[in-house]
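A short write-up of the structure that comes next.
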Amino acid sequence: MINNQLLKNSLGWGFILWLIGYVLSFILFFIVPPSYIGWTIMPIGTVITLWVLFKKIKSEDFKYYLILSITWTVIAVVLDYLFIVKALNPADGYYKPAVYLYYVLTFAFPLFVGWRKEQFKKCSNK
């Protein structure tokens with residue numbers, strides 16, 4: 001049985017983080033050239049995601065972060081496809097290096113933070 005906190009952290013934060021990037025992309029559409037939107041969002045999204053992982057997610061169990069990693073990545077891929085590729089049908093396409101890097105980081109950040117927290121826990125228990 002999945003616990004409520006894991007459900008909130010995986011689906012809730014996964015959606016919120018995706019939504020932040022989605023809204024930022026619309027704002028940046030009027031400020032930067034479309035080909036630079038992903039690269040402009042990347043550092044902002046990185047800081048916000050790491051803040052969530054270090055400050056808002058309290059687990060020290062690596063498996064917990066593995067679930068976050070998978071869930072957040074699935075949310076990003078599915079919602080991008082539905083609300084960007086299908087709904088907006090970008091003229092120059094959507095899947096570019098910045099998008100692939102975004103998916104890799106979405107998967108990797110929870111794993112990295114989970115590993116760090118688990119290592120810190122092991123060191124502090126010695």
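Here, A, B, ... name the chains of the structure tokens in the order displayed, residue numbers run from 1 inside each chain, and ligands are numbered from 1 in the same displayed order.
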
Item to check | Non-local contacts of range 17-31 of chain A (7 Å; only C-alpha atoms; under 6 positions in same chain excluded) as number ranges by chain | outcome: A: 37, 41, 45, 49, 76

Save the residues we just selected, N, CA and C atoms, as a compact mmCIF listing (two decimals), in the first residue's frame?
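What ended up in part31.txt:
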# COMPACT_ATOMS: atom_id res chain seq x y z
N ILE A 37 13.70 29.09 -25.07
CA ILE A 37 12.80 28.99 -23.91
C ILE A 37 13.23 27.86 -22.99
N ILE A 41 14.45 28.24 -19.06
CA ILE A 41 13.71 27.65 -17.95
C ILE A 41 14.59 26.70 -17.14
N GLY A 45 14.14 25.96 -13.22
CA GLY A 45 13.55 24.68 -12.84
C GLY A 45 14.48 23.84 -11.99
N THR A 49 13.42 22.63 -8.35
CA THR A 49 13.32 21.19 -8.13
C THR A 49 14.24 20.74 -7.00
N ALA A 76 5.94 14.53 -16.51
CA ALA A 76 6.52 15.50 -17.44
C ALA A 76 6.32 15.07 -18.89

Checklist entry - Among range 10-125 of chain A, which residues carry a DSSP assignment of alpha helix (DSSP H), reported as a ChimeraX atom specification? => result /A:13-29,37-51,62-80,87-88,97-124

Checklist entry - Between CA of Tyr36 in chain A and CA of Trp13 in chain A, what is the spacing in Å? => result 25.2 Å

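Proximity of A:Leu101, A:Leu111, A:Leu11, A:Leu88 to Trp39 in chain A, computed with only C-alpha atoms, is greatest for A:Leu101.
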
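Of the residues under consideration (A:Val74, A:Ser59, A:Arg116, A:Tyr81), A:Val74 shows the shortest atom-to-atom contact distance to Tyr103 in chain A when counting only C-alpha atoms.
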
Checklist entry - Counting only C-alpha atoms, which of A:Asp61, A:Leu53, A:Pro97, A:Met42 gets nearest to Phe120 in chain A? => result A:Asp61

Checklist entry - Restricting the calculation to only C-alpha atoms, which member of A:Val32, A:Lys8, A:Glu60, A:Asp92 is positioned closest to Pro110 in chain A? => result A:Glu60

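The shortest atom-to-atom distance to Leu82 in chain A, with only C-alpha atoms taken into account, belongs to A:Tyr94 out of A:Ser35, A:Lys55, A:Gly12, A:Tyr94.
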
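Between CA of Ala87 in chain A and CA of Ile75 in chain A lies a distance of 16.1 Å.
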
Item to check | Nearest candidate to Ser69 in chain A (options A:Ile16, A:Ala108, A:Val113, A:Cys123; using only C-alpha atoms) | outcome: A:Ala108

Item to check | For CA of Phe107 in chain A and CA of Lys63 in chain A, the interatomic separation in Å (one decimal) | outcome: 13.3 Å
